[in-house]
Structures are given as structure tokens and as C-alpha cells.
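Participant: data09.txt (compact mmCIF, C-alpha atoms) pasted underneath:
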# COMPACT_ATOMS: atom_id res chain seq x y z
CA MET A 1 -14.10 39.85 -58.51
CA MET A 2 -11.04 39.45 -60.66
CA ARG A 3 -9.56 36.05 -61.22
CA ALA A 4 -6.29 36.93 -59.39
CA ASN A 5 -8.25 38.09 -56.33
CA LYS A 6 -10.18 34.79 -56.24
CA TYR A 7 -6.91 32.83 -56.16
CA LEU A 8 -5.50 35.11 -53.48
CA LEU A 9 -8.62 34.65 -51.33
CA PHE A 10 -8.51 30.87 -51.84
CA TYR A 11 -4.86 30.61 -50.70
CA ALA A 12 -5.46 32.91 -47.73
CA ILE A 13 -8.33 30.71 -46.52
CA LEU A 14 -6.28 27.57 -47.15
CA GLY A 15 -3.33 28.97 -45.15
CA VAL A 16 -5.49 29.93 -42.16
CA GLY A 17 -7.16 26.50 -42.20
CA LEU A 18 -3.83 24.65 -42.28
CA ALA A 19 -2.38 26.75 -39.46
CA PHE A 20 -5.46 26.10 -37.32
CA SER A 21 -5.46 22.34 -37.99
CA TRP A 22 -1.77 21.97 -37.08
CA THR A 23 -2.28 23.74 -33.76
CA GLN A 24 -5.11 21.31 -33.00
CA VAL A 25 -2.89 18.31 -33.84
CA GLY A 26 -0.25 19.55 -31.39
CA LYS A 27 -2.85 19.93 -28.62
CA ARG A 28 -4.26 16.45 -29.22
CA ALA A 29 -0.83 14.76 -29.17
CA GLN A 30 0.00 16.51 -25.85
CA ILE A 31 3.69 16.62 -26.66
CA THR A 32 5.63 19.52 -25.24
CA PRO A 33 6.78 21.28 -28.42
CA ASP A 34 10.00 22.74 -27.00
CA ALA A 35 11.13 19.51 -25.32
CA ALA A 36 13.26 16.82 -26.90
CA LEU A 37 11.46 13.45 -26.73
CA TYR A 38 13.31 10.33 -25.56
CA ILE A 39 12.07 6.77 -25.09
CA MET A 40 13.28 4.94 -21.98
CA SER A 41 14.46 1.34 -22.26
CA VAL A 42 12.16 -1.18 -20.56
CA GLU A 43 13.35 -4.65 -19.58
CA ASP A 44 12.49 -7.54 -21.89
CA ARG A 45 9.64 -9.82 -20.80
CA CYS A 46 8.41 -7.15 -18.40
CA ARG A 47 5.30 -8.12 -16.38
CA PRO A 48 5.01 -5.67 -13.48
CA SER A 49 1.85 -7.30 -12.12
CA ALA A 50 3.85 -10.51 -11.50
CA GLN A 51 7.37 -9.28 -10.71
CA PRO A 52 9.23 -5.95 -10.61
CA CYS A 53 10.75 -4.65 -13.81
CA ALA A 54 12.62 -1.48 -14.68
CA ALA A 55 12.74 1.30 -17.24
CA TYR A 56 15.91 3.30 -17.35
CA ALA A 57 17.36 6.36 -19.00
CA ARG A 58 20.75 8.04 -18.92
CA ASP A 59 21.02 8.68 -15.19
CA PHE A 60 17.62 7.84 -13.69
CA GLY A 61 15.02 5.09 -13.86
CA PHE A 62 11.80 3.58 -12.57
CA VAL A 63 10.94 0.19 -11.10
CA LEU A 64 7.32 -0.95 -11.33
CA GLY A 65 6.15 -4.04 -9.49
CA PRO A 66 3.32 -5.67 -7.56
CA ALA A 67 2.27 -4.18 -4.23
CA GLY A 68 -0.87 -6.15 -3.45
CA ASP A 69 -4.13 -7.11 -5.10
CA ARG A 70 -4.46 -5.06 -8.34
CA VAL A 71 -2.07 -2.42 -7.00
CA LEU A 72 1.38 -1.57 -8.33
CA ARG A 73 4.25 0.29 -6.72
CA LEU A 74 6.35 2.73 -8.73
CA GLN A 75 9.82 3.51 -7.36
CA ALA A 76 11.92 6.29 -8.90
CA LEU A 77 15.71 6.00 -8.88
CA ASN A 78 17.87 9.18 -9.04
CA LEU A 79 14.93 11.25 -10.30
CA PRO A 80 15.74 14.99 -10.02
CA ALA A 81 13.54 17.01 -7.66
CA SER A 82 12.58 19.33 -10.54
CA ALA A 83 11.07 16.45 -12.55
CA GLU A 84 7.37 16.53 -13.42
CA PHE A 85 5.70 13.27 -14.39
CA GLU A 86 2.34 12.09 -15.63
CA LEU A 87 0.72 8.66 -15.87
CA ALA A 88 -1.61 7.41 -18.61
CA GLN A 89 -3.13 4.01 -19.36
CA PHE A 90 -3.81 2.77 -22.90
CA GLU A 91 -5.70 -0.13 -24.42
CA ASP A 92 -3.87 -2.35 -26.88
CA GLY A 93 -5.51 -0.36 -29.69
CA ALA A 94 -3.77 2.84 -28.43
CA VAL A 95 -6.99 4.29 -27.00
CA GLU A 96 -6.28 6.29 -23.85
CA LEU A 97 -8.28 5.15 -20.84
CA GLU A 98 -9.02 7.08 -17.67
CA LYS A 99 -6.00 8.11 -15.63
CA PRO A 100 -4.90 5.42 -13.17
CA GLY A 101 -5.29 6.25 -9.51
CA PHE A 102 -2.09 6.92 -7.63
CA ARG A 103 -0.97 8.20 -4.27
CA SER A 104 2.41 9.17 -2.93
CA LEU A 105 4.12 6.84 -0.45
CA SER A 106 7.29 8.94 -0.19
CA ALA A 107 9.20 11.51 -2.22
CA ASP A 108 10.22 8.90 -4.79
CA SER A 109 7.63 6.12 -4.41
CA TRP A 110 3.97 5.89 -5.46
CA GLN A 111 1.14 3.37 -5.29
CA ILE A 112 -0.72 3.00 -8.60
CA SER A 113 -4.16 1.48 -9.19
CA PRO A 114 -4.51 0.88 -12.95
CA LEU A 115 -7.53 -0.68 -14.61
CA PRO A 116 -6.89 -4.42 -14.18
CA GLY A 117 -5.15 -6.34 -16.95
CA VAL A 118 -5.71 -3.79 -19.70
CA GLY A 119 -3.09 -2.49 -22.12
CA ARG A 120 -0.07 -0.43 -21.10
CA LEU A 121 0.91 2.10 -18.46
CA ARG A 122 2.83 5.11 -19.83
CA ILE A 123 5.05 7.24 -17.62
CA SER A 124 5.97 10.61 -19.09
CA VAL A 125 8.64 12.67 -17.32
CA LEU A 126 9.70 16.25 -18.08
CA ILE A 127 13.22 17.12 -16.86
CA ASP A 128 15.02 20.32 -17.82
CA GLY A 129 13.39 20.61 -21.24
CA GLU A 130 13.66 16.91 -22.06
CA GLN A 131 10.62 14.63 -22.16
CA TRP A 132 11.21 10.97 -21.31
CA MET A 133 8.62 8.21 -21.81
CA ALA A 134 8.38 4.59 -20.71
CA GLU A 135 5.59 2.09 -21.33
CA PHE A 136 5.00 -0.94 -19.15
CA PRO A 137 2.68 -3.77 -20.30
CA LEU A 138 -0.09 -4.57 -17.81
CA GLN A 139 -1.05 -8.12 -18.91
Could you write out this file's structure as C-alpha cells?
Facilitator:
Amino acid sequence: MMRANKYLLFYAILGVGLAFSWTQVGKRAQITPDAALYIMSVEDRCRPSAQPCAAYARDFGFVLGPAGDRVLRLQALNLPASAEFELAQFEDGAVELEKPGFRSLSADSWQISPLPGVGRLRISVLIDGEQWMAEFPLQ
């Protein structure tokens, strides 16, 4: 094999490997590639297990507060009907835990059962091509 062909083969393999690895990174991050990502503002000194606190965006928001023993209530404010949201719970070391249990109480209110006293609860909302995220501490 000529020297030029060896280099060409090397760069072809390198290019395929890089393309494959970047697609895997996108799948692992679970970020919608076509959506703009925005971080919602969460109130200072937020402790939803003790008292309600809010996260807000441009024209909608969420209030998370206690609803009983180890249960939280999530209330959406002005959330569009087309919105899709997902919950995730993380340890302080950014390790994702199992999904918290939740059930619908009404069209804009949910009861959430996170793992007690561990890490943060992340709410991710997709609205008209925009992805909004809020993180509430659970300690």
C-alpha cells in the first residue's frame, strides 16, 4: 500500500470514529439539538420540602412546595397546553437517580414523590422549540 493511501485510510477511519462519538455524546446529554436551551430563575434560599418556592421564565413558571410527608406538589402557572415536561432527580455529584414518582392532580398540578432529602429535582420543559430547565434543591 502506498504511503498516501495509508494516510487517506487513517483519516477516513478517524473521521468516522469522531462522527460516531459525537452522536453518542448528544444521546447521553439528552438535549434536544434543535431547541434553544434556557435556564429558569429559581428563588434564593429555596427549600421546597419546607415551604413553597418558585421558578419562573418569561411568561410562565412553577411553584414547588410541601404536600405531606415526603411528597411535593408542583403547580404550573401559565404553562401552554402544548408544553411537554420531564422530571429528573440528581445527587449532589450530578449522578442521575431514578425518576421521581408523580401523578396528575389537575391539568396544571402534580404530586411528586422524590427520593427523600437527596440532591436536586430538575424540571425540563419543551415549548415551541425552546427547552427550559429549572433545578430545585431537595435538602
Participant: Could you tell me how far atom CA of A:Val95 sits from atom CA of A:Ala83, in Å to one decimal place?
Facilitator: 26.1 Å
Participant: Between A:Ser106, A:Val63, A:Arg47, A:Ala19, which has the minimum distance to A:Gly119 (counting all atoms listed in the file)?
Facilitator: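 Distance minimum relative to A:Gly119 lands on A:Arg47.
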Participant: Kindly give the distance, in Å, that separates atom CA of A:Phe62 and atom CA of A:Ser41, rounded to a single decimal.
Facilitator: 10.3 Å
Participant: So that I can see what lies close to stretch 131-135 of chain A, please list as a PDB file with C-alpha atoms, in the coordinates of the input the residues with an atom at most 10 Å from it, counting only C-alpha atoms and leaving out residues fewer than 6 positions away in the same chain.
Facilitator:
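See around.pdb below for the written result:
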ATOM      1  CA  ILE A  31       3.690  16.620 -26.660  1.00  0.00           C
ATOM      2  CA  THR A  32       5.630  19.520 -25.240  1.00  0.00           C
ATOM      3  CA  PRO A  33       6.780  21.280 -28.420  1.00  0.00           C
ATOM      4  CA  ASP A  34      10.000  22.740 -27.000  1.00  0.00           C
ATOM      5  CA  ALA A  35      11.130  19.510 -25.320  1.00  0.00           C
ATOM      6  CA  ALA A  36      13.260  16.820 -26.900  1.00  0.00           C
ATOM      7  CA  LEU A  37      11.460  13.450 -26.730  1.00  0.00           C
ATOM      8  CA  TYR A  38      13.310  10.330 -25.560  1.00  0.00           C
ATOM      9  CA  ILE A  39      12.070   6.770 -25.090  1.00  0.00           C
ATOM     10  CA  MET A  40      13.280   4.940 -21.980  1.00  0.00           C
ATOM     11  CA  SER A  41      14.460   1.340 -22.260  1.00  0.00           C
ATOM     12  CA  VAL A  42      12.160  -1.180 -20.560  1.00  0.00           C
ATOM     13  CA  ALA A  54      12.620  -1.480 -14.680  1.00  0.00           C
ATOM     14  CA  ALA A  55      12.740   1.300 -17.240  1.00  0.00           C
ATOM     15  CA  TYR A  56      15.910   3.300 -17.350  1.00  0.00           C
ATOM     16  CA  ALA A  57      17.360   6.360 -19.000  1.00  0.00           C
ATOM     17  CA  GLY A  61      15.020   5.090 -13.860  1.00  0.00           C
ATOM     18  CA  PHE A  62      11.800   3.580 -12.570  1.00  0.00           C
ATOM     19  CA  ALA A  83      11.070  16.450 -12.550  1.00  0.00           C
ATOM     20  CA  GLU A  84       7.370  16.530 -13.420  1.00  0.00           C
ATOM     21  CA  PHE A  85       5.700  13.270 -14.390  1.00  0.00           C
ATOM     22  CA  GLU A  86       2.340  12.090 -15.630  1.00  0.00           C
ATOM     23  CA  LEU A  87       0.720   8.660 -15.870  1.00  0.00           C
ATOM     24  CA  ALA A  88      -1.610   7.410 -18.610  1.00  0.00           C
ATOM     25  CA  GLN A  89      -3.130   4.010 -19.360  1.00  0.00           C
ATOM     26  CA  PHE A  90      -3.810   2.770 -22.900  1.00  0.00           C
ATOM     27  CA  GLY A 119      -3.090  -2.490 -22.120  1.00  0.00           C
ATOM     28  CA  ARG A 120      -0.070  -0.430 -21.100  1.00  0.00           C
ATOM     29  CA  LEU A 121       0.910   2.100 -18.460  1.00  0.00           C
ATOM     30  CA  ARG A 122       2.830   5.110 -19.830  1.00  0.00           C
ATOM     31  CA  ILE A 123       5.050   7.240 -17.620  1.00  0.00           C
ATOM     32  CA  SER A 124       5.970  10.610 -19.090  1.00  0.00           C
ATOM     33  CA  VAL A 125       8.640  12.670 -17.320  1.00  0.00           C
TER      34      VAL A 125
END
Participant: Within 10 Å of A:Gln139, counting only C-alpha atoms, which residues show up once you throw out same-chain ones fewer than 4 positions away? Write them as a list in words, please.
Facilitator: Cys46, Arg47, Pro48, Ser49, Ala50, Pro116, Gly117, Val118, Gly119 and Arg120 of chain A
Participant: By how many Å are atom CA of A:Leu72 and atom CA of A:Glu96 apart?
Facilitator: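 Atom CA of A:Leu72 sits 19.0 Å away from atom CA of A:Glu96.
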Participant: Nearest to A:Phe136 among A:Asp44, A:Phe102, A:Gln111, A:Leu79, with distances taken over all atoms listed in the file: which residue is it?
Facilitator: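 Counting all atoms listed in the file, the residue closest to A:Phe136 is A:Asp44.
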Participant: Find, counting all atoms listed in the file, the residue in A:Cys53, A:Leu115, A:Ile13, A:Ala107 that gets nearest to A:Ala81.
Facilitator: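 Smallest separation from A:Ala81 among the options: A:Ala107.
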Participant: Which is closer to A:Asp128 than all the others in A:Ser82, A:Arg58, A:Ser113, A:Arg3, using all atoms listed in the file?
Facilitator: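 Closest residue, counting all atoms listed in the file: A:Ser82.
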